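K.L.:
Following this message is one structure expressed as structure tokens.
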Amino acid sequence: MKIKYKDSILEKIVDFFWYDCKLWKVKDALTIGIPNFFKNIWRFRKELYQHQWWDYTFTLQMLHRSLSIMVNKLEKDGIEVESHRLKKVAKIYRAIQILKSKIDGDYIERAELKYGEMRRRSFEFEPIENSTSFRMVDNDTPSEKKHRTKIYAYANKIEEQEWKELWQIFEGQDLKQYSQFLKSKTKEEQRNNDIWNEWFDGSGMRSWWD
């Protein structure tokens, strides 16, 4: 059996001054910080190229990329108990899916899959009497207008629902509900089962770490 002795007080003092000195900070920057900086530039290259301050969509793109990197590593290399970890993975994938729809703005297309495609015509304009201006001509039939209204209404509905779902996933479950859930179990069930895993659904961004 190999015996490993604890660091001596002198060694601890040396380590303390070493980790606090500028030389260590330079070494840390050269070996860890700077390589990680360039690695992240490559990882986020598309998002960095497109990023602007004036639209929140660019912030969602950064979040989408960050979660995509996280879930890939968490799913393949995570060391947490699998039953807990895979629940987190599933919720992160769902968050990524919602973010992708929001970034792409695909709600109209998804509504059309449910109700059928809208008829699309080229824009037509006609001159306004006694004016040099023009107005757009509305050539849609009553049934086409009704169909278009249904498409837009459903698209808005799923967009609002998924936006609320996204932040519910990030917020996570209410721990007060866990206390109530725990009380609903008998002492024998509490001893023989993983009550936390039974209740936990994987949501809660603050728990997404490994």
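Every chain in the structure tokens takes a letter, A first, then B, and so on in the order presented; its residues are numbered from 1, and the ligands are numbered from 1 following the presented order.
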Do you know which residues are at most 10 Å from Gly116 in chain A counting only C-alpha atoms, after dropping those on the same chain fewer than 6 positions away, and could you put them as a ChimeraX atom specification?
P.N.:
/A:109-110,147-148,151
K.L.:
For range 31-41 of chain A, find every residue with an atom within 12 Å (counting only C-alpha atoms), except residues of its own chain fewer than 5 positions away, and show them as a PDB file with N, CA and C atoms, in the first residue's frame.
P.N.:
ATOM      1  N   TRP A  24       3.306  32.924 -11.112  1.00  0.00           N
ATOM      2  CA  TRP A  24       2.264  31.906 -11.259  1.00  0.00           C
ATOM      3  C   TRP A  24       1.136  32.398 -12.168  1.00  0.00           C
ATOM      4  N   LYS A  25       0.763  33.665 -11.976  1.00  0.00           N
ATOM      5  CA  LYS A  25      -0.310  34.228 -12.788  1.00  0.00           C
ATOM      6  C   LYS A  25       0.080  34.272 -14.262  1.00  0.00           C
ATOM      7  N   VAL A  26       1.362  34.569 -14.526  1.00  0.00           N
ATOM      8  CA  VAL A  26       1.848  34.568 -15.910  1.00  0.00           C
ATOM      9  C   VAL A  26       1.819  33.156 -16.474  1.00  0.00           C
ATOM     10  N   LYS A  46     -18.863  31.846 -35.231  1.00  0.00           N
ATOM     11  CA  LYS A  46     -20.028  32.298 -35.996  1.00  0.00           C
ATOM     12  C   LYS A  46     -20.797  33.364 -35.228  1.00  0.00           C
ATOM     13  N   GLU A  47     -20.998  33.113 -33.936  1.00  0.00           N
ATOM     14  CA  GLU A  47     -21.753  34.051 -33.102  1.00  0.00           C
ATOM     15  C   GLU A  47     -21.000  35.369 -32.937  1.00  0.00           C
ATOM     16  N   LEU A  48     -19.675  35.305 -32.765  1.00  0.00           N
ATOM     17  CA  LEU A  48     -18.869  36.515 -32.632  1.00  0.00           C
ATOM     18  C   LEU A  48     -18.867  37.322 -33.924  1.00  0.00           C
ATOM     19  N   TYR A  49     -18.847  36.619 -35.049  1.00  0.00           N
ATOM     20  CA  TYR A  49     -18.841  37.307 -36.349  1.00  0.00           C
ATOM     21  C   TYR A  49     -20.137  38.088 -36.558  1.00  0.00           C
ATOM     22  N   MET A  62     -25.587  33.383 -28.613  1.00  0.00           N
ATOM     23  CA  MET A  62     -24.464  33.041 -27.735  1.00  0.00           C
ATOM     24  C   MET A  62     -24.898  31.988 -26.715  1.00  0.00           C
ATOM     25  N   ARG A  65     -25.243  28.544 -28.401  1.00  0.00           N
ATOM     26  CA  ARG A  65     -23.937  27.906 -28.626  1.00  0.00           C
ATOM     27  C   ARG A  65     -23.356  27.379 -27.312  1.00  0.00           C
ATOM     28  N   SER A  66     -23.448  28.169 -26.253  1.00  0.00           N
ATOM     29  CA  SER A  66     -22.897  27.765 -24.968  1.00  0.00           C
ATOM     30  C   SER A  66     -23.575  26.492 -24.451  1.00  0.00           C
ATOM     31  N   ILE A  69     -22.480  23.385 -26.421  1.00  0.00           N
ATOM     32  CA  ILE A  69     -21.177  22.888 -25.976  1.00  0.00           C
ATOM     33  C   ILE A  69     -21.336  22.129 -24.662  1.00  0.00           C
TER      34      ILE A  69
END
K.L.:
From the DSSP assignment of the backbone, select every residue of chain A that is alpha helix (DSSP H), and format the answer as a ChimeraX atom specification.
P.N.:
/A:9-20,22-28,34-43,45-50,56-77,82-104,107-115,142-171,175-183,187-192,195-199
K.L.:
Write down as a list in words the residues belonging to range 7-182 of chain A that are assigned strand (DSSP E) by DSSP computed on the backbone.
P.N.:
Phe125, Glu126, Pro127, Phe134, Arg135 and Met136 of chain A
K.L.:
Could you work out how far CA of Thr149 in chain A lies from CA of Leu113 in chain A, giving the answer in Å with one decimal?
P.N.:
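If I compute the distance from CA of Leu113 in chain A to CA of Thr149 in chain A, I get 14.9 Å.
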K.L.:
Residues at most 9 Å from Phe200 in chain A, counting only C-alpha atoms, excluding those fewer than 4 positions away in the same chain, as a ChimeraX atom specification?
P.N.:
/A:84,87,173,178,195-196
K.L.:
Those same residues - N, CA, C and O atoms - I'd like them written as a PDB file, in the first residue's frame.
P.N.:
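Result went into again00.pdb, see below:
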ATOM      1  N   HIS A  84     -29.649  11.218 -12.827  1.00  0.00           N
ATOM      2  CA  HIS A  84     -29.805  12.666 -12.670  1.00  0.00           C
ATOM      3  C   HIS A  84     -29.289  13.398 -13.896  1.00  0.00           C
ATOM      4  O   HIS A  84     -29.922  14.336 -14.402  1.00  0.00           O
ATOM      5  N   LYS A  87     -31.434  13.469 -17.133  1.00  0.00           N
ATOM      6  CA  LYS A  87     -32.591  14.358 -17.034  1.00  0.00           C
ATOM      7  C   LYS A  87     -32.180  15.794 -17.359  1.00  0.00           C
ATOM      8  O   LYS A  87     -32.899  16.529 -18.040  1.00  0.00           O
ATOM      9  N   GLN A 173     -37.408  23.740 -10.718  1.00  0.00           N
ATOM     10  CA  GLN A 173     -38.526  23.405  -9.848  1.00  0.00           C
ATOM     11  C   GLN A 173     -38.458  24.171  -8.529  1.00  0.00           C
ATOM     12  O   GLN A 173     -37.388  24.611  -8.104  1.00  0.00           O
ATOM     13  N   TYR A 178     -40.770  20.058  -3.382  1.00  0.00           N
ATOM     14  CA  TYR A 178     -40.055  18.828  -3.033  1.00  0.00           C
ATOM     15  C   TYR A 178     -40.333  18.434  -1.583  1.00  0.00           C
ATOM     16  O   TYR A 178     -40.513  17.253  -1.274  1.00  0.00           O
ATOM     17  N   ILE A 195     -35.761   9.351  -3.665  1.00  0.00           N
ATOM     18  CA  ILE A 195     -36.890  10.264  -3.728  1.00  0.00           C
ATOM     19  C   ILE A 195     -36.551  11.503  -4.548  1.00  0.00           C
ATOM     20  O   ILE A 195     -37.374  12.003  -5.310  1.00  0.00           O
ATOM     21  N   TRP A 196     -35.323  12.002  -4.369  1.00  0.00           N
ATOM     22  CA  TRP A 196     -34.925  13.207  -5.113  1.00  0.00           C
ATOM     23  C   TRP A 196     -34.975  12.955  -6.620  1.00  0.00           C
ATOM     24  O   TRP A 196     -35.502  13.765  -7.387  1.00  0.00           O
TER      25      TRP A 196
END
K.L.:
Select, from A:His64, A:Arg43, A:Lys73, A:Lys185, the residue with the minimum atom-to-atom distance to Ile98 in chain A, counting only C-alpha atoms.
P.N.:
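Nearest to Ile98 in chain A: A:His64.
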K.L.:
Env of range 119-135 of chain A: 10 Å cut, atoms = only C-alpha atoms, seq-sep filter 2 positions within chain, self excluded. Answer as a PyMOL selection string.
P.N.:
chain A and resi 116-117+137-140+144-145+147-148
K.L.:
Using only C-alpha atoms, can you tell me which of A:Arg94, A:Lys100, A:Lys114, A:Lys76 comes closest to Leu166 in chain A?
P.N.:
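The shortest atom-to-atom distance to Leu166 in chain A comes from A:Arg94.
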K.L.:
Counting only C-alpha atoms, which of A:Tyr107, A:Ile92, A:Leu30, A:Thr59 gets nearest to Gln161 in chain A?
P.N.:
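Between A:Tyr107, A:Ile92, A:Leu30, A:Thr59, the residue approaching Gln161 in chain A most closely is A:Tyr107.
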K.L.:
For range 56-58 of chain A, list every protein, DNA or RNA residue within 8 Å, evaluated using only C-alpha atoms, and leave out those in the same chain fewer than 5 positions away; present the list as a short mmCIF file (atom, residue, chain, number, x, y, z; two decimals) with C-alpha atoms, in the first residue's frame.
P.N.:
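Writing done, so here's around39.cif:
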data_model
loop_
_atom_site.label_atom_id
_atom_site.label_comp_id
_atom_site.auth_asym_id
_atom_site.auth_seq_id
_atom_site.Cartn_x
_atom_site.Cartn_y
_atom_site.Cartn_z
CA GLU A 47 -21.75 34.05 -33.10
CA GLN A 50 -22.55 38.13 -36.34
CA HIS A 51 -22.92 39.65 -32.87
CA ILE A 103 -33.53 32.51 -33.46
#
K.L.:
Would you kindly return, as a list in words, each protein, DNA or RNA residue with an atom no farther than 10 Å from any atom of Lys102 in chain A, considering only C-alpha atoms and excluding same-chain residues fewer than 4 positions away?
P.N.:
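Here the qualifying residues turn out to be Thr57, Leu60, Gln61, Ile96, Gln97, Ile98, Asp106, Tyr107, Glu159, Glu162 and Trp163 of chain A.
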K.L.:
Restrict the selected residues to N, CA and C atoms and save them as a PDB file, in the first residue's frame.
P.N.:
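That gives us out_27.pdb:
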ATOM      1  N   THR A  57     -31.601  38.858 -30.100  1.00  0.00           N
ATOM      2  CA  THR A  57     -31.396  37.595 -30.807  1.00  0.00           C
ATOM      3  C   THR A  57     -29.932  37.185 -30.801  1.00  0.00           C
ATOM      4  N   LEU A  60     -29.230  35.506 -27.639  1.00  0.00           N
ATOM      5  CA  LEU A  60     -29.768  34.145 -27.664  1.00  0.00           C
ATOM      6  C   LEU A  60     -28.858  33.213 -28.447  1.00  0.00           C
ATOM      7  N   GLN A  61     -28.229  33.720 -29.496  1.00  0.00           N
ATOM      8  CA  GLN A  61     -27.295  32.903 -30.277  1.00  0.00           C
ATOM      9  C   GLN A  61     -26.103  32.468 -29.427  1.00  0.00           C
ATOM     10  N   ILE A  96     -32.330  24.192 -25.962  1.00  0.00           N
ATOM     11  CA  ILE A  96     -31.635  24.464 -27.227  1.00  0.00           C
ATOM     12  C   ILE A  96     -32.625  24.482 -28.381  1.00  0.00           C
ATOM     13  N   GLN A  97     -33.561  23.543 -28.374  1.00  0.00           N
ATOM     14  CA  GLN A  97     -34.573  23.468 -29.433  1.00  0.00           C
ATOM     15  C   GLN A  97     -35.439  24.718 -29.454  1.00  0.00           C
ATOM     16  N   ILE A  98     -35.853  25.176 -28.286  1.00  0.00           N
ATOM     17  CA  ILE A  98     -36.679  26.385 -28.208  1.00  0.00           C
ATOM     18  C   ILE A  98     -35.895  27.602 -28.668  1.00  0.00           C
ATOM     19  N   ASP A 106     -39.243  30.321 -36.865  1.00  0.00           N
ATOM     20  CA  ASP A 106     -39.898  29.342 -37.741  1.00  0.00           C
ATOM     21  C   ASP A 106     -41.356  29.068 -37.368  1.00  0.00           C
ATOM     22  N   TYR A 107     -41.969  29.954 -36.609  1.00  0.00           N
ATOM     23  CA  TYR A 107     -43.311  29.688 -36.085  1.00  0.00           C
ATOM     24  C   TYR A 107     -44.375  29.656 -37.181  1.00  0.00           C
ATOM     25  N   GLU A 159     -45.211  30.534 -30.017  1.00  0.00           N
ATOM     26  CA  GLU A 159     -44.059  31.356 -29.663  1.00  0.00           C
ATOM     27  C   GLU A 159     -44.138  31.780 -28.193  1.00  0.00           C
ATOM     28  N   GLU A 162     -43.671  28.670 -25.816  1.00  0.00           N
ATOM     29  CA  GLU A 162     -42.301  28.175 -25.730  1.00  0.00           C
ATOM     30  C   GLU A 162     -41.379  29.165 -25.028  1.00  0.00           C
ATOM     31  N   TRP A 163     -41.667  30.462 -25.176  1.00  0.00           N
ATOM     32  CA  TRP A 163     -40.859  31.457 -24.471  1.00  0.00           C
ATOM     33  C   TRP A 163     -41.026  31.299 -22.959  1.00  0.00           C
TER      34      TRP A 163
END
K.L.:
Compare A:Glu198, A:Asp55, A:Glu188, A:Asp104 by their minimum atom-to-atom distance to Ser83 in chain A, counting only C-alpha atoms, and give me the closest one.
P.N.:
A:Glu198
K.L.:
Between CA of Ser68 in chain A and CA of Glu112 in chain A, measure the distance and give it in Å to one decimal.
P.N.:
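It comes out at 28.0 Å.
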K.L.:
Check the smallest atom-to-atom distance from each of A:Trp42, A:Lys88, A:Ile108, A:Trp167 to Ser203 in chain A using only C-alpha atoms, then report the winner.
P.N.:
A:Lys88
